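Colleague: To start, I am sharing the structure in question, which I have written as structure tokens.
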Amino acid sequence: MSPAGPPFDDTSADLILRSTDGVDFRVSKNILSSASQALATKANSSIQGAVNFAQDSETLDFILRHLYPVPLPTPVTLSQVSLLAEFAKFFNVMALESLIVRYLTDALDDDPIGVYSIAITYGHKDTAEKAARSSLKHSIFDLLSSQLEITEKSYKDIIKYHAECGVAASAVASDRKWFPPWEQWGRLIWTSNFDGSSNIRCKTCAAPDFINEPPVQIFLPQTPDRDTKQSDDPQKRTRFAPWRVWDYLRRSSFVLAHHPTSKAVTKDDFVMESRSDCSDCILGTREDILEFSRIFAMAVEKAIEQVPLPDCVEDEDEDEDGPMD
């Protein structure tokens, strides 16, 4: 047997914890017992002056530093957080729960699927839901944990949720119910009627909508001889806009299918990626198109919010007689 390093080498300590690789940690029975009743019971089960634990020395050192009044170790990996969460659940150490949640929250952006796996395994439902939402910040092709071997359920949960959000977000690009009314956006979204009348501002770059859905709110010039009934037939109207608007929506549809977040399609460079050869309106439509993209973003986020979150509960409880005993 070999001794642990400080602060777990105090010869005046009244309890020895022995790791699986034969390292003895000298600790205070009071500190260990105050963490939970289960640990108090474990502390009183010494054999020949030592209590055997199921962790190796590196893991046991990491855990004990979270129970002792010493500086917390840094940096902390998700693999370590998983071990800490396993220990906390097995021994019912409630004092560790807030630290575990903090560690998981800190890793949300970098490794949402790893965070999700730990969170559902050890009962942190709120954090699991946050991890599911955070996964949308990543392309579906990048959803792998760099630190953990995640459970099959975790992977299926996240991929299914991500894909459903991708379908919902991508569909917004082909929907027109969210379009702003022409009274507010006649400078960008135009209408051409069956009789040739229109409010098209620039015939050089005007292009018809790639979705065959007639506009609901339209431009209808008031003329004495206009056949109102015939002109109001929605099947005889066509929606127009600068072609870069339709190109933006097409590109967004493809991106959102695998990366369902409005942030993926609202950066200025992406919105204005399509070049326009029209010298008549490019300066006048830039801000309009950027503002249009922000309205589109709100519709995308609204669609994503309608997608049900995964059932953030592990299928089966961990075996209470597992390796911690």
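Residue numbers start at 1 in each chain; chains themselves are named A, B, ... in the order of the structure tokens; ligands are numbered from 1 in the order shown.
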Do you know which residues are at most 12 Å from Leu136 (chain A) counting only C-alpha atoms, after dropping those on the same chain fewer than 4 positions away, and could you put them as a PyMOL selection string?

Modeller: chain A and resi 108-113+129-132+140-143+158-166+169+255-264+301+304-305+309

Colleague: Can you pull out every residue within 12 Å of Phe210 (chain A), counting only C-alpha atoms, but drop anything in the same chain fewer than 3 positions away, and send it as a PyMOL selection string?

Modeller: chain A and resi 173-176+207+213-214+238-250

Colleague: Among region 18-119 of chain A, which residues does DSSP mark as strand (DSSP E) when it is run on the backbone? Keep the chain and numbering as in the structure and answer as a list of chain:residue names.

Modeller: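 Filtering region 18-119 of chain A to strand (DSSP E) leaves A:Arg18, A:Val23, A:Asp24, A:Phe25, A:Arg26, A:Val27, A:Ala50, A:Val51, A:Asn52.
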
Colleague: When you draw a straight line from CA of Arg26 (chain A) to CA of Leu39 (chain A), how long is it in Å?

Modeller: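 Those two atoms sit 15.1 Å apart.
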
Colleague: Using only C-alpha atoms, find the one residue out of A:Cys205, A:Ala171, A:Val265, A:Cys312 that sits nearest to Lys153 (chain A).

Modeller: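 So, comparing all the options, the nearest one is A:Cys312.
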
Colleague: Excluding Pro7 (chain A) and residues on its chain fewer than 3 positions from it, collect all residues at most 9 Å away from it, counting only C-alpha atoms, and give them as a PyMOL selection string.

Modeller: chain A and resi 4+10+25-27+65+70

Colleague: Take the residues that were just selected and, keeping all heavy atoms, output them as a PDB file, in the first residue's frame.

Modeller:
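The result, written out as again.pdb:
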```pdb
ATOM      1  N   ALA A   4      -1.481   8.416   0.022  1.00  0.00           N
ATOM      2  CA  ALA A   4      -1.933   9.469  -0.882  1.00  0.00           C
ATOM      3  C   ALA A   4      -1.157  10.749  -0.604  1.00  0.00           C
ATOM      4  O   ALA A   4      -0.511  10.897   0.441  1.00  0.00           O
ATOM      5  CB  ALA A   4      -3.426   9.703  -0.697  1.00  0.00           C
ATOM      6  N   ASP A  10      -2.483  12.909   6.263  1.00  0.00           N
ATOM      7  CA  ASP A  10      -2.402  13.335   7.666  1.00  0.00           C
ATOM      8  C   ASP A  10      -2.386  12.104   8.579  1.00  0.00           C
ATOM      9  O   ASP A  10      -3.381  11.364   8.662  1.00  0.00           O
ATOM     10  CB  ASP A  10      -3.595  14.234   7.990  1.00  0.00           C
ATOM     11  CG  ASP A  10      -3.539  14.810   9.398  1.00  0.00           C
ATOM     12  OD1 ASP A  10      -2.590  14.489  10.148  1.00  0.00           O
ATOM     13  OD2 ASP A  10      -4.453  15.583   9.747  1.00  0.00           O
ATOM     14  N   PHE A  25      -5.870   6.803   1.644  1.00  0.00           N
ATOM     15  CA  PHE A  25      -6.224   8.196   1.886  1.00  0.00           C
ATOM     16  C   PHE A  25      -6.610   8.332   3.359  1.00  0.00           C
ATOM     17  O   PHE A  25      -7.569   7.691   3.814  1.00  0.00           O
ATOM     18  CB  PHE A  25      -7.393   8.617   1.001  1.00  0.00           C
ATOM     19  CG  PHE A  25      -7.079   8.688  -0.473  1.00  0.00           C
ATOM     20  CD1 PHE A  25      -6.979   7.523  -1.230  1.00  0.00           C
ATOM     21  CD2 PHE A  25      -6.881   9.904  -1.097  1.00  0.00           C
ATOM     22  CE1 PHE A  25      -6.694   7.577  -2.583  1.00  0.00           C
ATOM     23  CE2 PHE A  25      -6.600   9.979  -2.445  1.00  0.00           C
ATOM     24  CZ  PHE A  25      -6.497   8.815  -3.199  1.00  0.00           C
ATOM     25  N   ARG A  26      -5.883   9.134   4.077  1.00  0.00           N
ATOM     26  CA  ARG A  26      -6.185   9.366   5.495  1.00  0.00           C
ATOM     27  C   ARG A  26      -7.128  10.571   5.600  1.00  0.00           C
ATOM     28  O   ARG A  26      -6.773  11.676   5.186  1.00  0.00           O
ATOM     29  CB  ARG A  26      -4.900   9.608   6.281  1.00  0.00           C
ATOM     30  CG  ARG A  26      -3.982   8.386   6.304  1.00  0.00           C
ATOM     31  CD  ARG A  26      -2.704   8.639   7.091  1.00  0.00           C
ATOM     32  NE  ARG A  26      -1.895   7.434   7.145  1.00  0.00           N
ATOM     33  CZ  ARG A  26      -2.014   6.471   8.054  1.00  0.00           C
ATOM     34  NH1 ARG A  26      -2.931   6.604   9.008  1.00  0.00           N
ATOM     35  NH2 ARG A  26      -1.225   5.412   8.040  1.00  0.00           N
ATOM     36  N   VAL A  27      -8.308  10.321   6.127  1.00  0.00           N
ATOM     37  CA  VAL A  27      -9.342  11.356   6.158  1.00  0.00           C
ATOM     38  C   VAL A  27      -9.997  11.422   7.529  1.00  0.00           C
ATOM     39  O   VAL A  27      -9.777  10.562   8.397  1.00  0.00           O
ATOM     40  CB  VAL A  27     -10.430  11.075   5.094  1.00  0.00           C
ATOM     41  CG1 VAL A  27      -9.839  11.058   3.696  1.00  0.00           C
ATOM     42  CG2 VAL A  27     -11.141   9.759   5.381  1.00  0.00           C
ATOM     43  N   ARG A  65     -11.730  15.799  -2.773  1.00  0.00           N
ATOM     44  CA  ARG A  65     -11.470  17.248  -2.807  1.00  0.00           C
ATOM     45  C   ARG A  65     -12.770  18.041  -2.904  1.00  0.00           C
ATOM     46  O   ARG A  65     -12.795  19.245  -2.653  1.00  0.00           O
ATOM     47  CB  ARG A  65     -10.526  17.601  -3.958  1.00  0.00           C
ATOM     48  CG  ARG A  65      -9.098  17.125  -3.719  1.00  0.00           C
ATOM     49  CD  ARG A  65      -8.154  17.452  -4.853  1.00  0.00           C
ATOM     50  NE  ARG A  65      -6.840  16.854  -4.590  1.00  0.00           N
ATOM     51  CZ  ARG A  65      -5.907  17.414  -3.822  1.00  0.00           C
ATOM     52  NH1 ARG A  65      -6.146  18.598  -3.257  1.00  0.00           N
ATOM     53  NH2 ARG A  65      -4.754  16.811  -3.610  1.00  0.00           N
ATOM     54  N   VAL A  70     -11.085  22.296   0.688  1.00  0.00           N
ATOM     55  CA  VAL A  70      -9.851  22.603  -0.046  1.00  0.00           C
ATOM     56  C   VAL A  70     -10.250  23.147  -1.418  1.00  0.00           C
ATOM     57  O   VAL A  70     -11.388  22.946  -1.866  1.00  0.00           O
ATOM     58  CB  VAL A  70      -8.960  21.353  -0.203  1.00  0.00           C
ATOM     59  CG1 VAL A  70      -8.465  20.862   1.156  1.00  0.00           C
ATOM     60  CG2 VAL A  70      -9.701  20.241  -0.942  1.00  0.00           C
TER      61      VAL A  70
END
```

Colleague: Hey, what does DSSP flag as helix (DSSP H, G or I) within region 24-236 of chain A? Can you give it to me as a count of residues only?

Modeller: 107
